[in-house]
>>> print(open('model_0.cif').read())   # mmCIF, C-alpha atoms
data_run
#
loop_
_atom_site.label_atom_id
_atom_site.label_comp_id
_atom_site.auth_asym_id
_atom_site.auth_seq_id
_atom_site.Cartn_x
_atom_site.Cartn_y
_atom_site.Cartn_z
CA MET P 1 25.17 -11.20 -0.30
CA SER P 2 23.85 -10.31 -3.74
CA MET P 3 20.24 -9.72 -4.46
CA ALA P 4 17.83 -12.54 -5.19
CA GLY P 5 16.00 -12.34 -8.47
CA PHE P 6 13.31 -14.74 -9.60
CA SER P 7 15.84 -16.70 -11.60
CA ASP P 8 17.96 -17.18 -8.49
CA VAL P 9 15.31 -18.89 -6.39
CA LEU P 10 14.13 -22.44 -6.60
CA LEU P 11 10.84 -23.61 -5.24
CA PRO P 12 11.16 -27.17 -3.86
CA GLU P 13 8.94 -29.65 -5.65
CA ALA P 14 7.06 -30.64 -2.49
CA VAL P 15 6.32 -26.97 -1.75
CA ALA P 16 5.11 -26.43 -5.32
CA ARG P 17 2.77 -29.41 -5.06
CA GLY P 18 1.45 -28.09 -1.75
CA VAL P 19 0.82 -24.66 -3.26
CA LEU P 20 -1.21 -26.24 -6.06
CA ARG P 21 -3.26 -28.06 -3.42
CA GLY P 22 -3.72 -24.84 -1.45
CA ASP P 23 -1.86 -26.21 1.56
CA ARG P 24 -1.28 -23.41 4.07
CA ASP P 25 2.17 -24.58 5.23
CA SER P 26 3.40 -24.93 1.66
CA LEU P 27 2.11 -21.44 0.88
CA ALA P 28 4.06 -20.13 3.86
CA ASP P 29 7.19 -21.87 2.57
CA ALA P 30 6.60 -20.44 -0.90
CA TYR P 31 6.34 -17.01 0.69
CA ARG P 32 9.72 -17.48 2.38
CA VAL P 33 11.31 -18.38 -0.95
CA LEU P 34 9.55 -16.01 -3.32
CA SER P 35 8.90 -12.94 -1.19
CA ARG P 36 12.53 -11.78 -1.53
CA PRO P 37 12.56 -11.45 -5.33
CA VAL P 38 9.07 -9.90 -5.20
CA MET P 39 10.22 -7.37 -2.61
CA ASN P 40 13.45 -6.61 -4.47
CA MET P 41 11.62 -5.93 -7.69
CA ALA P 42 8.76 -3.94 -6.13
CA ALA P 43 11.09 -1.82 -3.97
CA ARG P 44 13.35 -0.98 -6.92
CA ILE P 45 10.53 -0.18 -9.33
CA LEU P 46 8.30 1.71 -6.92
CA ARG P 47 11.02 3.33 -4.77
CA ASP P 48 8.64 3.16 -1.80
CA ARG P 49 8.89 0.54 0.89
CA PRO P 50 5.29 0.56 2.15
CA LEU P 51 4.02 0.31 -1.43
CA ALA P 52 6.45 -2.51 -2.12
CA GLU P 53 5.19 -4.33 0.97
CA GLU P 54 1.67 -3.88 -0.31
CA VAL P 55 2.72 -5.49 -3.57
CA VAL P 56 4.25 -8.42 -1.68
CA GLN P 57 1.09 -8.90 0.33
CA ASP P 58 -1.26 -8.57 -2.64
CA THR P 59 0.83 -10.96 -4.70
CA PHE P 60 0.68 -13.65 -2.04
CA ILE P 61 -3.00 -13.07 -1.39
CA ASP P 62 -3.47 -13.81 -5.08
CA LEU P 63 -1.34 -16.93 -4.69
CA VAL P 64 -3.47 -18.11 -1.76
CA GLU P 65 -6.70 -17.41 -3.61
CA LYS P 66 -5.77 -18.52 -7.12
CA GLY P 67 -2.75 -20.77 -6.61
CA SER P 68 -4.76 -23.88 -7.36
CA GLN P 69 -5.48 -22.52 -10.86
CA ILE P 70 -1.78 -22.61 -11.85
CA GLN P 71 -1.18 -25.38 -14.37
CA SER P 72 1.96 -26.92 -12.88
CA GLY P 73 4.47 -26.53 -10.08
CA ASP P 74 7.13 -25.29 -12.51
CA ALA P 75 4.93 -22.38 -13.51
CA ILE P 76 4.48 -21.02 -9.96
CA THR P 77 7.57 -18.77 -9.93
CA ALA P 78 6.75 -17.28 -13.34
CA TRP P 79 3.13 -16.82 -12.26
CA VAL P 80 4.16 -15.02 -9.06
CA ARG P 81 6.58 -12.82 -11.00
CA LYS P 82 3.92 -11.83 -13.50
CA VAL P 83 1.37 -11.08 -10.77
CA ALA P 84 3.94 -9.01 -8.87
CA VAL P 85 4.87 -7.05 -12.00
CA ASN P 86 1.20 -6.34 -12.65
CA HIS P 87 0.71 -5.12 -9.08
CA CYS P 88 3.71 -2.79 -9.47
CA LEU P 89 2.45 -1.42 -12.78
CA MET P 90 -1.03 -0.93 -11.34
CA ARG P 91 0.42 1.21 -8.58
CA LEU P 92 2.56 3.21 -11.00
CA ARG P 93 -0.50 3.90 -13.14
CA SER P 94 -2.68 5.02 -10.24
CA PRO P 95 -3.38 8.79 -10.25
CA TRP P 96 -2.75 8.88 -6.51
CA HIS P 97 0.80 7.56 -6.99
CA ALA P 98 1.52 10.08 -9.77
CA ARG P 99 0.36 12.97 -7.55
CA ARG P 100 2.45 11.73 -4.62
CA MET P 101 5.54 11.47 -6.81
CA ASP P 102 5.01 15.03 -8.04
CA VAL P 103 4.97 16.20 -4.42
CA ASP P 104 8.12 14.21 -3.68
CA VAL P 105 9.94 15.80 -6.62
CA GLU P 106 8.84 19.29 -5.56
CA GLU P 107 10.04 18.64 -2.02
CA ALA P 108 13.38 17.35 -3.29
CA LEU P 109 13.84 20.40 -5.51
CA SER P 110 12.98 22.78 -2.66
CA ARG P 111 15.64 21.11 -0.51
CA GLN P 112 18.40 21.67 -3.09
CA SER P 113 21.09 24.13 -2.11
CA VAL P 114 21.95 27.21 -4.13
CA ASP P 115 25.20 25.89 -5.53
CA GLU P 116 23.83 22.76 -7.17
CA SER P 117 26.80 22.13 -9.43
CA MET P 118 29.17 21.78 -6.50
CA GLU P 119 26.85 19.43 -4.65
CA TRP P 120 26.64 17.16 -7.65
CA VAL P 121 30.40 16.97 -7.84
CA GLU P 122 30.80 16.36 -4.14
CA LEU P 123 28.00 13.90 -3.65
CA VAL P 124 28.25 11.15 -6.20
CA PRO P 125 25.07 9.13 -5.70
CA THR P 126 24.97 5.39 -5.32
CA LEU P 127 23.50 3.16 -8.00
CA GLU P 128 20.24 3.06 -6.03
CA GLN P 129 20.09 6.85 -6.09
CA ALA P 130 21.01 6.91 -9.77
CA LEU P 131 18.14 4.52 -10.45
CA ALA P 132 15.83 6.81 -8.52
CA THR P 133 16.64 9.69 -10.86
CA LEU P 134 15.28 7.72 -13.83
CA SER P 135 11.68 8.08 -14.87
CA GLU P 136 9.35 5.41 -13.53
CA GLU P 137 8.92 3.91 -16.96
CA ALA P 138 12.65 3.82 -17.65
CA ARG P 139 13.37 2.31 -14.23
CA THR P 140 10.71 -0.34 -14.74
CA VAL P 141 12.09 -1.23 -18.17
CA VAL P 142 15.68 -1.43 -16.83
CA TRP P 143 14.62 -3.70 -14.01
CA LEU P 144 12.36 -5.98 -16.01
CA HIS P 145 14.84 -6.31 -18.88
CA ASP P 146 18.22 -6.39 -17.21
CA VAL P 147 17.39 -8.07 -13.92
CA GLU P 148 14.25 -10.11 -14.53
CA GLY P 149 15.09 -11.05 -18.10
CA TYR P 150 11.89 -9.93 -19.80
CA THR P 151 12.16 -9.32 -23.55
CA HIS P 152 11.31 -5.93 -25.02
CA LYS P 153 8.22 -7.43 -26.59
CA GLU P 154 7.00 -8.77 -23.23
CA ILE P 155 7.71 -5.44 -21.52
CA GLY P 156 5.84 -3.59 -24.26
CA GLU P 157 2.83 -5.87 -23.76
CA LEU P 158 2.92 -5.50 -19.98
CA MET P 159 3.10 -1.71 -20.16
CA GLY P 160 0.62 -1.39 -22.98
CA LYS P 161 3.32 -0.03 -25.32
CA THR P 162 5.49 -1.35 -28.14
CA ALA P 163 8.80 -3.19 -28.06
CA SER P 164 10.44 -0.09 -29.57
CA PHE P 165 9.25 1.96 -26.62
CA SER P 166 10.93 -0.48 -24.27
CA LYS P 167 14.17 -0.38 -26.29
CA SER P 168 14.30 3.41 -26.36
CA GLN P 169 13.55 3.66 -22.64
CA LEU P 170 16.36 1.22 -21.89
CA ALA P 171 18.83 3.12 -24.09
CA ARG P 172 17.94 6.47 -22.48
CA ALA P 173 18.23 4.97 -19.03
CA TYR P 174 21.66 3.60 -19.84
CA GLU P 175 22.77 7.00 -21.14
CA LYS P 176 22.02 8.44 -17.70
CA LEU P 177 23.47 5.50 -15.82
CA LEU P 178 26.67 5.59 -17.87
CA LEU P 179 27.00 9.29 -17.07
CA TRP P 180 26.61 8.47 -13.39
CA GLN P 181 29.20 5.70 -13.75
CA GLN P 182 31.64 8.14 -15.38
CA GLN P 183 31.19 10.67 -12.58
CA ARG P 184 31.72 7.98 -9.99
CA GLU P 185 34.92 6.86 -11.69
CA THR P 186 36.17 10.43 -11.88
CA LYS P 187 35.44 10.91 -8.21
CA GLN P 188 37.13 7.65 -7.29
CA ALA P 189 40.18 8.62 -9.37
CA GLU P 190 40.28 11.97 -7.59
CA ARG P 191 40.13 10.27 -4.20
CA ILE P 192 42.87 7.84 -5.15
CA SER P 193 45.15 10.61 -6.39
CA ALA P 194 44.40 12.65 -3.27
CA ARG P 195 45.26 9.68 -1.06
CA GLN P 196 48.43 9.00 -3.03
CA LYS P 197 49.36 12.65 -2.70
CA ILE P 198 48.86 12.51 1.07
CA GLU P 199 50.86 9.30 1.33
CA LEU P 200 53.65 10.79 -0.79
CA GLU P 201 53.71 13.91 1.34
CA GLY P 202 53.83 11.73 4.43
CA GLN P 203 56.76 9.77 3.05
CA ASN P 204 58.53 13.02 2.14
CA ALA P 205 57.96 14.36 5.63
CA LYS P 206 59.33 11.15 7.15
CA THR P 207 62.40 11.35 4.92
CA THR P 208 62.92 15.00 5.84
CA LEU P 209 62.56 14.25 9.53
CA GLY P 210 64.97 11.33 9.16
CA ASN P 211 67.49 13.54 7.46
CA ILE P 212 67.14 16.18 10.18
CA GLY P 213 67.57 13.53 12.83
CA SER P 214 70.73 12.08 11.28
CA HIS P 215 72.09 15.59 10.73
CA CYS P 216 71.51 16.45 14.40
CA SER P 217 73.15 13.25 15.63
CA THR P 218 76.26 13.92 13.56
CA MET A 1 31.14 0.29 -46.90
CA GLN A 2 31.32 3.09 -44.35
CA LYS A 3 30.80 1.80 -40.85
CA ARG A 4 28.48 3.82 -38.59
CA PRO A 5 29.34 4.68 -34.97
CA TRP A 6 27.83 2.74 -32.11
CA ALA A 7 24.70 3.93 -30.42
CA ILE A 8 23.91 2.83 -26.87
CA SER A 9 20.86 0.93 -28.10
CA ASP A 10 23.14 -0.98 -30.51
CA LEU A 11 25.57 -1.80 -27.72
CA ILE A 12 22.75 -3.05 -25.51
CA ALA A 13 21.42 -5.15 -28.36
CA LEU A 14 24.95 -6.49 -28.93
CA ARG A 15 25.23 -7.29 -25.22
CA ASP A 16 21.96 -9.21 -25.40
CA GLY A 17 23.01 -11.03 -28.54
CA GLU A 18 20.20 -9.44 -30.51
CA ILE A 19 22.36 -8.02 -33.34
CA ARG A 20 25.21 -9.35 -35.34
CA ASP A 21 25.56 -6.44 -37.71
CA ALA A 22 28.64 -6.34 -39.88
CA SER A 23 28.06 -2.65 -40.50
CA VAL A 24 29.12 -1.77 -36.97
CA ASP A 25 32.79 -1.43 -36.21
CA LEU A 26 33.61 -4.16 -33.72
CA ASP A 27 37.21 -3.01 -33.55
CA ASP A 28 36.34 0.48 -32.33
CA PRO A 29 38.09 0.77 -28.92
CA ALA A 30 35.64 3.43 -27.72
CA ALA A 31 32.70 1.17 -28.49
CA GLN A 32 34.40 -1.73 -26.74
CA ALA A 33 34.99 0.39 -23.65
CA GLN A 34 31.36 1.54 -23.68
CA LEU A 35 30.15 -2.05 -24.03
CA HIS A 36 32.34 -3.04 -21.10
CA LYS A 37 30.80 -0.28 -19.00
CA ILE A 38 27.29 -1.38 -19.94
CA ARG A 39 28.09 -4.95 -18.90
CA GLN A 40 29.57 -3.66 -15.68
CA LEU A 41 26.43 -1.66 -14.94
CA THR A 42 24.21 -4.67 -15.62
CA ALA A 43 26.32 -6.74 -13.25
CA GLU A 44 26.06 -4.03 -10.59
CA LEU A 45 22.30 -3.90 -10.99
CA ASN A 46 22.09 -7.63 -10.44
CA ALA A 47 24.41 -7.42 -7.44
CA LEU A 48 22.39 -4.84 -5.51
CA PRO A 49 21.66 -6.00 -1.97
CA ASP A 50 18.39 -7.64 -0.96
CA VAL A 51 15.64 -5.43 0.37
CA PRO A 52 14.66 -7.14 3.64
CA VAL A 53 11.15 -8.53 3.72
CA ASP A 54 9.14 -8.43 6.87
CA GLU A 55 7.94 -11.91 7.85
CA ALA A 56 4.96 -10.22 9.45
CA ILE A 57 3.53 -9.50 6.00
CA TRP A 58 2.72 -13.19 5.69
CA ASN A 59 1.34 -13.35 9.20
CA LYS A 60 -1.02 -10.44 8.61
CA PRO A 61 -4.55 -11.73 8.41
CA LEU A 62 -5.67 -12.12 4.85
CA PRO A 63 -8.37 -9.63 4.02
CA VAL A 64 -11.68 -11.33 3.49
CA LYS A 65 -13.34 -10.19 0.34
CA ALA A 66 -16.87 -9.29 1.30
CA PRO A 67 -19.45 -10.62 -1.12
CA ARG A 68 -20.74 -7.84 -3.27
CA SER A 69 -24.17 -6.69 -2.22
CA SER A 70 -26.96 -7.51 -4.61
CA TRP A 71 -27.92 -3.82 -4.40
CA LEU A 72 -24.55 -2.90 -5.95
CA ARG A 73 -24.77 -5.66 -8.51
CA PHE A 74 -27.88 -4.15 -10.08
CA PRO A 75 -27.42 -0.39 -9.76
CA LEU A 76 -30.21 0.51 -12.16
CA ALA A 77 -32.75 -1.68 -10.38
CA THR A 78 -31.61 -0.24 -7.05
CA ALA A 79 -31.94 3.32 -8.31
CA ALA A 80 -35.39 2.57 -9.70
CA SER A 81 -36.49 0.98 -6.40
CA VAL A 82 -35.22 3.93 -4.38
CA PHE A 83 -36.96 6.36 -6.73
CA PHE A 84 -40.21 4.43 -6.54
CA ALA A 85 -40.04 4.15 -2.74
CA SER A 86 -39.29 7.88 -2.46
CA PHE A 87 -42.18 8.68 -4.76
CA VAL A 88 -44.60 6.56 -2.74
CA GLY A 89 -43.27 8.03 0.50
CA ILE A 90 -43.62 11.61 -0.69
CA TYR A 91 -47.08 10.84 -2.03
CA LEU A 92 -48.20 9.37 1.27
CA ILE A 93 -46.86 12.26 3.28
CA PHE A 94 -47.53 15.31 1.13
CA GLY A 95 -49.47 14.20 -1.93
CA THR A 96 -52.87 13.75 -0.34
CA VAL A 97 -55.68 16.13 0.40
CA ASP A 98 -58.23 16.16 3.14
CA PRO A 99 -61.41 14.29 2.08
CA ALA A 100 -63.45 17.19 3.34
CA GLN A 101 -61.84 19.48 0.78
CA GLU A 102 -62.40 17.16 -2.17
CA PRO A 103 -65.01 18.06 -4.78
CA ALA A 104 -68.29 16.19 -4.38
CA GLY A 105 -68.76 15.05 -7.96
CA LEU A 106 -65.98 12.44 -8.09
CA ALA A 107 -67.95 9.40 -7.15
CA THR A 108 -68.82 7.92 -10.54
CA GLY A 109 -67.16 5.47 -12.91
CA GLU A 110 -63.45 5.85 -13.45
CA GLN A 111 -63.36 8.98 -11.32
CA LEU A 112 -64.63 6.92 -8.40
CA THR A 113 -61.64 4.56 -8.64
CA VAL A 114 -59.29 7.53 -8.67
CA ALA A 115 -61.11 9.08 -5.73
CA VAL A 116 -61.08 5.81 -3.79
CA ALA A 117 -57.43 5.23 -4.57
CA SER A 118 -56.56 8.74 -3.45
CA ARG A 119 -58.69 8.45 -0.29
CA LEU A 120 -57.14 5.22 0.95
CA PRO A 121 -53.77 6.70 1.92
CA ILE A 122 -55.58 9.47 3.82
CA LEU A 123 -57.69 6.98 5.71
CA MET A 124 -54.60 4.92 6.49
CA ARG A 125 -52.80 7.97 7.79
CA GLN A 126 -55.74 9.01 9.91
CA SER A 127 -56.00 5.49 11.24
CA ARG A 128 -52.31 5.46 12.14
CA ASP A 129 -52.50 8.87 13.85
CA LEU A 130 -55.53 7.86 15.90
CA GLU A 131 -53.81 4.64 16.95
CA ARG A 132 -50.78 6.62 18.10
CA ARG A 133 -52.98 8.91 20.12
CA LEU A 134 -54.71 5.95 21.67
CA GLN A 135 -51.40 4.34 22.52
CA GLY A 136 -50.35 7.59 24.13
CA VAL A 137 -53.50 7.62 26.22
CA ASP A 138 -53.10 3.97 27.16
CA ALA A 139 -49.48 4.42 28.13
CA TRP A 140 -50.46 7.31 30.32
CA MET A 141 -53.67 5.97 31.75
CA PHE A 142 -52.73 2.35 32.23
CA SER A 143 -49.05 2.64 33.02
CA ASP A 144 -47.67 0.84 36.06
CA ALA A 145 -47.27 2.58 39.38
CA ASN A 146 -43.48 2.73 39.15
CA SER A 147 -43.56 4.82 36.01
CA ALA A 148 -42.60 8.44 36.33
CA VAL A 149 -45.67 9.46 34.35
CA ALA A 150 -48.05 7.24 36.22
CA ARG A 151 -51.25 8.77 37.44
CA PRO A 152 -52.30 8.31 41.04
CA ALA A 153 -53.98 4.96 41.70
CA SER A 154 -57.29 6.70 42.24
CA GLU A 155 -57.21 7.97 38.69
CA GLN A 156 -56.26 4.66 37.08
CA ARG A 157 -59.08 2.87 35.35
CA VAL A 158 -59.90 -0.22 33.32
CA ALA A 159 -61.58 -0.31 29.89
CA THR A 160 -65.35 0.14 30.04
CA SER A 161 -67.75 -2.25 28.33
CA THR A 162 -68.31 0.29 25.52
CA GLU A 163 -64.60 0.54 24.91
CA ARG A 164 -64.27 -3.23 24.86
CA ARG A 165 -67.13 -3.51 22.38
CA LEU A 166 -65.48 -0.92 20.16
CA MET A 167 -62.16 -2.79 20.36
CA TYR A 168 -63.82 -6.09 19.37
CA ARG A 169 -65.41 -4.41 16.38
CA LEU A 170 -62.05 -2.88 15.51
CA ALA A 171 -60.42 -6.30 15.64
CA ASP A 172 -63.15 -7.63 13.38
CA VAL A 173 -62.55 -4.83 10.84
CA ASP A 174 -58.79 -5.50 10.97
CA ASN A 175 -59.48 -9.15 10.25
CA GLN A 176 -61.62 -8.28 7.23
CA ILE A 177 -58.94 -5.92 5.92
CA ALA A 178 -56.32 -8.65 6.28
CA GLN A 179 -58.53 -11.13 4.39
CA LEU A 180 -59.06 -8.59 1.67
CA TYR A 181 -55.30 -8.15 1.22
CA ASP A 182 -54.89 -11.93 0.98
CA ALA A 183 -57.55 -12.22 -1.72
CA ASP A 184 -56.41 -12.49 -5.35
CA VAL A 185 -58.58 -9.67 -6.57
CA MET A 186 -58.57 -6.59 -4.38
CA ASP A 187 -61.76 -4.61 -4.24
CA VAL A 188 -60.76 -0.99 -3.75
CA ARG A 189 -64.23 0.17 -2.80
CA GLN A 190 -64.54 -2.48 -0.12
CA ARG A 191 -61.11 -1.58 1.17
CA GLU A 192 -62.05 2.05 1.42
CA MET A 193 -65.25 1.16 3.24
CA LEU A 194 -63.40 -0.97 5.78
CA TRP A 195 -60.73 1.64 6.37
CA MET A 196 -63.42 4.29 6.87
CA ARG A 197 -65.11 2.05 9.42
CA ARG A 198 -61.80 1.56 11.16
CA VAL A 199 -61.21 5.31 11.37
CA THR A 200 -64.72 5.85 12.73
CA LEU A 201 -64.22 3.19 15.42
CA LEU A 202 -60.87 4.64 16.41
CA ARG A 203 -62.36 8.13 16.63
CA SER A 204 -65.04 6.77 18.92
CA LEU A 205 -62.43 5.15 21.12
CA VAL A 206 -60.41 8.35 21.25
CA ALA A 207 -63.58 10.27 22.09
CA ILE A 208 -64.44 7.93 24.94
CA ARG A 209 -60.95 7.72 26.37
CA GLY A 210 -60.28 11.37 25.69
CA GLY A 211 -63.25 12.16 27.97
CA SER A 212 -60.92 11.78 30.90
CA ASP A 213 -58.12 13.55 29.09
CA PRO A 214 -59.18 16.82 27.50
CA ARG A 215 -56.00 17.09 25.40
CA ILE A 216 -56.77 13.88 23.53
CA PHE A 217 -60.34 14.84 23.00
CA GLU A 218 -59.36 18.18 21.52
CA ASN A 219 -56.85 16.51 19.23
CA SER A 220 -59.35 14.01 17.90
CA ARG A 221 -61.87 16.73 17.18
CA SER A 222 -59.37 18.83 15.32
CA MET A 223 -58.63 15.99 12.84
#
>>> encode(input="model_0.cif", output="structure tokens")
Amino acid sequence: MSMAGFSDVLLPEAVARGVLRGDRDSLADAYRVLSRPVMNMAARILRDRPLAEEVVQDTFIDLVEKGSQIQSGDAITAWVRKVAVNHCLMRLRSPWHARRMDVDVEEALSRQSVDESMEWVELVPTLEQALATLSEEARTVVWLHDVEGYTHKEIGELMGKTASFSKSQLARAYEKLLLWQQQRETKQAERISARQKIELEGQNAKTTLGNIGSHCST
Amino acid sequence: MQKRPWAISDLIALRDGEIRDASVDLDDPAAQAQLHKIRQLTAELNALPDVPVDEAIWNKPLPVKAPRSSWLRFPLATAASVFFASFVGIYLIFGTVDPAQEPAGLATGEQLTVAVASRLPILMRQSRDLERRLQGVDAWMFSDANSAVARPASEQRVATSTERRLMYRLADVDNQIAQLYDADVMDVRQREMLWMRRVTLLRSLVAIRGGSDPRIFENSRSM
């Protein structure tokens, strides 16, 4: 099953009306519908499950407390998305988060083996891992632009930067992701050729054995 | 016109329908392949699996935002109050001198007000200390028989008529002091006079009660 983004979910009209009234059951239903895209976005941007869960909780606390201030039922999903994005960005900006990430990077570097080049060839990372290698800003821009559909102008405003900043971050991120994609394709091609080679050798061996068998019987 | 090569930012913009630039070579097979890869990556990003959400997050009790204390709402006022209270406290504890050590020529005009004002805290302190001593005596002398510090029944005693008279006078002085505090205009000289009378009465009580307890008597004399 593919991932749910905010554009993939639909809040039933009755639920939306209940949320505007502050009805507890409707809020619980809204949580069931909207928590998945919030979690997906927060987990991918923050790369930290407990922090992402915090974002989910804080977002829905805001919905419980301020849901009645939303203008209309149609605006609820967009409102939740914006609140969730702000919670993610707040966490990325916090000095505590920056320090923790520095520690994580140091730990990761200390775990690297001596022959790094060989490891990189052998272990082609998944797309999730490739995303993790991007800077936080680049990852946020990729996610907000390519998955959530924000424009560069909107992203610039959210991050307190310009639209050009968002564009350049996206381009740099794609340079890295395309490199990862190329390495993955190379690796897959190598595996395919290796498998074909094994299969061919197997067929050759069968043929040889068959020939030996027929020769012995004659 | 010479056509420039494709940059990744151009390809992304082309993917998003943001540019329709004739200067870029749309027939370039390398650019087409790169654009295809970019589209493929975008599709893969959107096809990543869901990160499971714990239903318990919703069931967690919502944190109740505690109303902000009025002390925190007005930090300057709070700081000023604390400073003032500390100043008064320090003054009451350390900033006073024994009346016996004061110079004699302070009792006129403005100096008198200063002297009275400075004497009042001393009298209040003395009054408080004497009361504590008396309470100590009472607790010891009139405690019930079950108490661990109780004296033998033969040594227990009731207040004498002199003591009772002193206590009535003390109550009367306390009443006058209370009335003085309630009055709109506070007469500092009258206050000082009443507090001095109170201290004198308390000393007399301590002296009488301390007659059966030498420690108390010694303490009251040393004040």
>>> interface_residues(input="model_0.cif", of="chain P", to="chain A", cutoff="6 Å", atoms="all atoms listed in the file", output="VMD selection string")
chain P and resid 2 to 3 40 147 171
>>> residues_near_point(input="model_0.cif", point="(-51.4, 5.8, 15.7)", cutoff="12 Å", atoms="only C-alpha atoms", output="NGL selection string")
:A and (123-138 or 199 or 202-203 or 206 or 220)
>>> resolve_selection(input="model_0.cif", expression="the PyMOL selection byres ((chain A and resi 174) around 12)", output="PyMOL selection string")
chain A and resi 127+167-173+175-181+191+194-199+201-202
>>> resolve_selection(input="model_0.cif", expression="the PyMOL selection byres ((chain P and resi 17-27) around 8)", output="short mmCIF file (atom, residue, chain, number, x, y, z; two decimals) with C-alpha atoms, in the coordinates of the input")
data_model
loop_
_atom_site.label_atom_id
_atom_site.label_comp_id
_atom_site.auth_asym_id
_atom_site.auth_seq_id
_atom_site.Cartn_x
_atom_site.Cartn_y
_atom_site.Cartn_z
CA GLU P 13 8.94 -29.65 -5.65
CA ALA P 14 7.06 -30.64 -2.49
CA VAL P 15 6.32 -26.97 -1.75
CA ALA P 16 5.11 -26.43 -5.32
CA ALA P 28 4.06 -20.13 3.86
CA ASP P 29 7.19 -21.87 2.57
CA ALA P 30 6.60 -20.44 -0.90
CA TYR P 31 6.34 -17.01 0.69
CA LEU P 63 -1.34 -16.93 -4.69
CA VAL P 64 -3.47 -18.11 -1.76
CA GLY P 67 -2.75 -20.77 -6.61
CA SER P 68 -4.76 -23.88 -7.36
CA GLN P 69 -5.48 -22.52 -10.86
CA ILE P 70 -1.78 -22.61 -11.85
CA SER P 72 1.96 -26.92 -12.88
CA GLY P 73 4.47 -26.53 -10.08
#
>>> atom_distance(input="model_0.cif", atom1="atom CA of A:Arg189", atom2="atom CA of A:Ser86")
26.1 Å
>>> atom_distance(input="model_0.cif", atom1="atom CA of P:Phe165", atom2="atom CA of P:Ser7")
24.8 Å
>>> atom_distance(input="model_0.cif", atom1="atom CA of P:Arg139", atom2="atom CA of P:Leu89")
11.6 Å
>>> resolve_selection(input="model_0.cif", expression="the PyMOL selection byres ((chain P and resi 173) around 10)", output="count of residues only")
23
>>> closest_residue(input="model_0.cif", among="P:Ala205, P:Ile76, P:Leu46, P:Ala132", to="P:Val33", atoms="only C-alpha atoms")
P:Ile76
>>> closest_residue(input="model_0.cif", among="P:Glu148, P:Glu185, P:Asp58, P:Glu199", to="P:Pro37", atoms="only C-alpha atoms")
P:Glu148
>>> axis_aligned_box(input="model_0.cif", around="stretch 35-43 of chain A", padding_each_side="6 Å", output="JSON")
{"center_x": 28.3, "center_y": -3.5, "center_z": -18.6, "size_x": 20.1, "size_y": 18.5, "size_z": 22.8}
>>> build_atoms(input="model_0.cif", residues="stretch 179-190 of chain P", atoms="N, CA and C atoms", output="compact mmCIF listing (two decimals), in the coordinates of the input")
# COMPACT_ATOMS: atom_id res chain seq x y z
N LEU P 179 26.51 7.98 -17.52
CA LEU P 179 27.00 9.29 -17.07
C LEU P 179 27.32 9.26 -15.57
N TRP P 180 26.38 8.63 -14.82
CA TRP P 180 26.61 8.47 -13.39
C TRP P 180 27.87 7.65 -13.13
N GLN P 181 28.04 6.58 -13.91
CA GLN P 181 29.20 5.70 -13.75
C GLN P 181 30.50 6.48 -14.01
N GLN P 182 30.45 7.33 -15.03
CA GLN P 182 31.64 8.14 -15.38
C GLN P 182 31.98 9.10 -14.24
N GLN P 183 30.95 9.73 -13.69
CA GLN P 183 31.19 10.67 -12.58
C GLN P 183 31.74 9.94 -11.36
N ARG P 184 31.22 8.76 -11.13
CA ARG P 184 31.72 7.98 -9.99
C ARG P 184 33.18 7.61 -10.20
N GLU P 185 33.53 7.22 -11.41
CA GLU P 185 34.92 6.86 -11.69
C GLU P 185 35.85 8.05 -11.53
N THR P 186 35.36 9.21 -12.02
CA THR P 186 36.17 10.43 -11.88
C THR P 186 36.42 10.72 -10.41
N LYS P 187 35.34 10.61 -9.64
CA LYS P 187 35.44 10.91 -8.21
C LYS P 187 36.39 9.93 -7.52
N GLN P 188 36.26 8.66 -7.90
CA GLN P 188 37.13 7.65 -7.29
C GLN P 188 38.59 7.92 -7.65
N ALA P 189 38.81 8.31 -8.91
CA ALA P 189 40.18 8.62 -9.37
C ALA P 189 40.73 9.81 -8.58
N GLU P 190 39.85 10.79 -8.36
CA GLU P 190 40.28 11.97 -7.59
C GLU P 190 40.66 11.56 -6.16
